[in-house]
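Notes follow once the structure below has been shown.
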Amino acid sequence: MTPSPTMKAVLASAYGSPDVLALHDVPKPTPKPGEILIRVSATSVSAGDCEIRSFKVLPFLWLPLRLWMGLRRPRMVLGQELVGVVEAVGDGVTRFAPGQRVFGLSDTYFGSYAEYTCLPQTVPLAAAPANLTDDQAAAAPLGGLIALDFLRKAGIQPGQRVAINGAGGSMGTFAVQLAKQAGAVVTAIDTADKHEMLRSLGADTVVDFRREDFTQRGQTFDAILDVVGKADFGRCVRALTPNGRYLTPNPTPSLMARAWWLHRTSQKRVSVVFTHDEATLLDDLAARLASGSLQSVIDRRYPLEHIAEAHRYADSGRKLGNIVITVA
Ligand SMILES: NC(=O)c1ccc[n+]([C@@H]2O[C@H](COP(=O)([O-])OP(=O)(O)OC[C@H]3O[C@@H](n4cnc5c(N)ncnc54)[C@H](OP(=O)(O)O)[C@@H]3O)[C@@H](O)[C@H]2O)c1
């Protein structure tokens with residue numbers, strides 16, 4: 001009997017520090033109906049990967065996430081972003097064909113820390129433009145899609161003031177570029193060692209959150225994107241213009257209750273930004289990356305076998321933009 005084919009994949013032995021991650025031989029997946037088998041060329045270390053690995057999640061998400069991800073350890077291979085080549089497709093797949101180079105987001109299916117992954121064709125995946133490097137493509141889907149959602153929901157007009165809290169990470173670096181291109185005057189908030197990079201992306205003002213509260217500078221903003229959800233919500237609301245908008249990728253029940261009250265009592269608004277599975281949004285992102293108008297900020301690259309070291313660096317708080325993992 002021929003042995004079933006295997007592949008290298010990163011498994012986590014528990015929830016915890018980066019040391020729980022290690023490379024293993026596991027069965028190579030085969031696509032079921034509606035699925036695509038992708039040979040992964042590169043992936044990334046996203047905030048979501050680190051949050052699931054360490055299980056530092058918001059309390060109201062604890063139980064549903066444990067039930068979804070695994071009670072004692074993550075059942076699935078981590079890794080949310082990927083670029084690779086379609087190797088095979090399951091019955092009923094119409095959008096993709098073997099040999100096509102694609103990039104995108106595996107979303108809640110994760111699975112990109114492996115030589116191969118099978119994903120439903122419904123996840124945000126698009127053809128990767130030929131001039132887009134694997135590094136640029138692997139680092140873009142998550143931060144880029146949320147930043148595009150921020151752009152359309154913030155409704156930025158030229159000359160408006162925009163603050164981005166947590167600007168130096170994956171989402172923030174794309175949001176700074178898009179806000180700037182929309183004509184905003186951008187205040188970028190993150191640690192001082194990320195300020196030079198943020199200025200190079202177009203930030204007009206940079207603020208170190210360890211030294212100063214950006215909401216207490218006597219300035220008002222037409223939009224505040226709190227990427228990390230760590231700014232005080234009440235202070236952010238007070239720092240908004242009368243029609244200003246607070247945007248967050250981290251909605252909590254208490255924040256949404258306060259948003260409901262705000263909507264009833266003022267013209268200020270709260271919007272949740274998230275990664276959409278609309279193919280057109282990823283195509284828009286691909287076009288902006290291919291034309292060079294938008295750039296993935298890449299700090300470091302690690303091979304898949306050094307995944308624990310890559311996660312250690314992500315946890316260090318020194319990451320500028322994104323960390324890419326090369327697989328092929
Ligand atoms: N809604 C959705 O669909 C969705 C999808 C994906 C992710 N998310 C959430 O979005 C969040 C951020 O994602 P990301 O990929 O941009 O993360 P990221 O790459 O880790 O970037 C976050 C940035 O914020 C900085 N930071 C940390 N504490 C801060 C504080 N108190 N004030 C200001 N900045 C601070 C970080 O600095 P250090 O590196 O020094 O810590 C880092 O530069 C995560 O919480 C994630 O769960 C939501």
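Ordering of the structure tokens sets the chain letters (A, B, ...); residue numbers start at 1 within each chain; ligands are numbered from 1 in the order shown.
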Close residues to ligand 1 using only C-alpha atoms and all ligand atoms, limit 9 Å, as number ranges by chain:
A: 45-51, 57, 107, 142-143, 145-146, 164-174, 189-191, 194, 208-210, 226-231, 248-251, 272-276, 314-323
Using the selection just defined, write its residues with C-alpha atoms as a short mmCIF file (atom, residue, chain, number, x, y, z; two decimals), in the first residue's frame.
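Below is the file that was written, part-v7.cif:
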```
data_model
loop_
_atom_site.label_atom_id
_atom_site.label_comp_id
_atom_site.auth_asym_id
_atom_site.auth_seq_id
_atom_site.Cartn_x
_atom_site.Cartn_y
_atom_site.Cartn_z
CA VAL A 45 2.62 36.41 11.97
CA SER A 46 -0.62 38.31 12.52
CA ALA A 47 -1.99 39.75 15.75
CA GLY A 48 -4.75 37.13 15.45
CA ASP A 49 -2.21 34.27 15.29
CA CYS A 50 -0.48 35.57 18.45
CA GLU A 51 -3.80 36.12 20.26
CA VAL A 57 -8.63 37.09 24.17
CA ASP A 107 -9.86 33.90 8.01
CA LEU A 142 -5.45 41.28 6.85
CA GLY A 143 -4.21 44.79 7.50
CA LEU A 145 -8.62 44.69 3.96
CA ILE A 146 -9.40 46.23 7.34
CA ILE A 164 -4.74 56.19 14.13
CA ASN A 165 -3.95 54.55 17.47
CA GLY A 166 -1.65 51.53 17.08
CA ALA A 167 -0.46 52.87 13.72
CA GLY A 168 2.82 50.96 13.58
CA GLY A 169 1.38 47.46 13.11
CA SER A 170 -0.18 45.56 10.25
CA MET A 171 -3.51 47.40 10.03
CA GLY A 172 -2.20 50.81 11.06
CA THR A 173 0.55 51.02 8.44
CA PHE A 174 -2.03 50.48 5.66
CA ILE A 189 0.13 56.96 17.61
CA ASP A 190 2.59 54.20 18.54
CA THR A 191 5.95 53.76 20.29
CA LYS A 194 8.10 53.31 14.97
CA ASP A 208 4.27 58.11 21.63
CA PHE A 209 1.40 56.58 23.63
CA ARG A 210 3.82 55.72 26.44
CA ASP A 226 -8.37 52.71 17.53
CA VAL A 227 -6.62 49.68 16.05
CA VAL A 228 -5.63 48.20 19.40
CA GLY A 229 -8.71 49.25 21.39
CA LYS A 230 -6.53 50.60 24.18
CA ALA A 231 -7.43 54.30 24.05
CA THR A 248 -12.68 49.96 15.93
CA PRO A 249 -11.80 46.43 14.80
CA ASN A 250 -12.34 45.22 18.39
CA PRO A 251 -16.03 45.66 19.31
CA VAL A 272 -16.83 48.49 13.47
CA VAL A 273 -14.24 47.73 10.80
CA PHE A 274 -13.59 44.17 9.75
CA THR A 275 -12.20 41.98 6.99
CA HIS A 276 -14.87 41.42 4.36
CA ALA A 314 6.06 39.69 17.36
CA ASP A 315 5.48 39.50 21.13
CA SER A 316 8.50 41.74 21.81
CA GLY A 317 6.61 44.93 20.89
CA ARG A 318 9.35 45.96 18.44
CA LYS A 319 7.63 44.81 15.24
CA LEU A 320 7.40 47.46 12.52
CA GLY A 321 4.44 46.65 10.31
CA ASN A 322 4.56 42.96 9.44
CA ILE A 323 6.56 39.75 9.86
#
```
Where does DSSP see strand (DSSP E or B) in range 67-301 of chain A, if you list the residues as a VMD selection string?
chain A and resid 81 to 89 101 to 105 114 116 to 120 125 to 127 161 to 165 185 to 189 205 to 207 221 to 226 240 to 248 269 to 272 298 to 301
With a distance cut-off of 7 Å and only C-alpha atoms, select the neighbouring residues of Ala22 in chain A, excluding the residue or stretch itself and same-chain residues fewer than 6 positions from it, and output the selection as a list in words.
Val10, Leu11 and Ala12 of chain A
Selected residue, from A:Arg53, A:Ala179, A:Ala184, A:Pro129, that lies nearest to Leu282 in chain A when counting only C-alpha atoms:
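Of all the options, A:Pro129 lies closest to Leu282 in chain A.
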Just give me the gap between CA of Ala147 in chain A and CA of Thr187 in chain A in Å, one decimal is fine.
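Value for the CA of Ala147 in chain A-CA of Thr187 in chain A distance: 15.4 Å.
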Please report the interatomic distance between CA of Thr280 in chain A and CA of Asp135 in chain A in Å with one decimal.
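Taking CA of Thr280 in chain A as the start and CA of Asp135 in chain A as the end point, the length is 21.5 Å.
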Taking the DSSP secondary structure from the backbone, can you list the residues of range 64-187 of chain A that are helix (DSSP H, G or I), as a compact mmCIF listing (two decimals) with C-alpha atoms, in the first residue's frame?
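The resulting file, selection.txt, is reproduced below:
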```
# COMPACT_ATOMS: atom_id res chain seq x y z
CA PRO A 64 -16.82 30.40 21.98
CA LEU A 65 -13.20 30.57 20.83
CA ARG A 66 -12.14 27.57 22.94
CA LEU A 67 -15.04 25.57 21.52
CA TRP A 68 -14.10 26.64 17.99
CA MET A 69 -10.29 26.38 18.26
CA ASP A 107 -9.86 33.90 8.01
CA THR A 108 -11.14 31.77 10.91
CA TYR A 109 -9.97 28.61 9.09
CA ASP A 134 5.49 36.89 -2.13
CA ASP A 135 6.54 39.09 0.81
CA GLN A 136 4.30 41.99 -0.19
CA ALA A 137 1.36 39.66 -0.88
CA ALA A 138 1.70 37.62 2.32
CA PRO A 141 -4.54 40.82 3.18
CA LEU A 142 -5.45 41.28 6.85
CA GLY A 143 -4.21 44.79 7.50
CA GLY A 144 -5.00 45.91 3.96
CA LEU A 145 -8.62 44.69 3.96
CA ILE A 146 -9.40 46.23 7.34
CA ALA A 147 -7.73 49.48 6.32
CA LEU A 148 -9.85 49.59 3.13
CA ASP A 149 -12.97 49.03 5.25
CA PHE A 150 -11.77 51.88 7.50
CA LEU A 151 -11.32 54.10 4.44
CA ARG A 152 -14.89 53.64 3.18
CA LYS A 153 -16.53 53.84 6.62
CA ALA A 154 -14.55 56.88 7.80
CA SER A 170 -0.18 45.56 10.25
CA MET A 171 -3.51 47.40 10.03
CA GLY A 172 -2.20 50.81 11.06
CA THR A 173 0.55 51.02 8.44
CA PHE A 174 -2.03 50.48 5.66
CA ALA A 175 -4.54 52.83 7.32
CA VAL A 176 -1.96 55.66 7.55
CA GLN A 177 -1.19 55.34 3.82
CA LEU A 178 -4.86 55.24 2.78
CA ALA A 179 -5.89 58.14 5.03
CA LYS A 180 -3.02 60.21 3.67
CA GLN A 181 -3.98 59.39 0.07
```
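Nearest residue to Met7 in chain A, choosing from A:Ala286, A:Ala259, A:Ala279, A:Ala328 and counting only C-alpha atoms: A:Ala328.
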Name the closest residue to Lys32 in chain A among the candidates A:Ala257, A:Val93, A:Ala130, A:Ala203; distances are taken between atoms, counting only C-alpha atoms.
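Among the listed residues, the smallest separation from Lys32 in chain A belongs to A:Val93.
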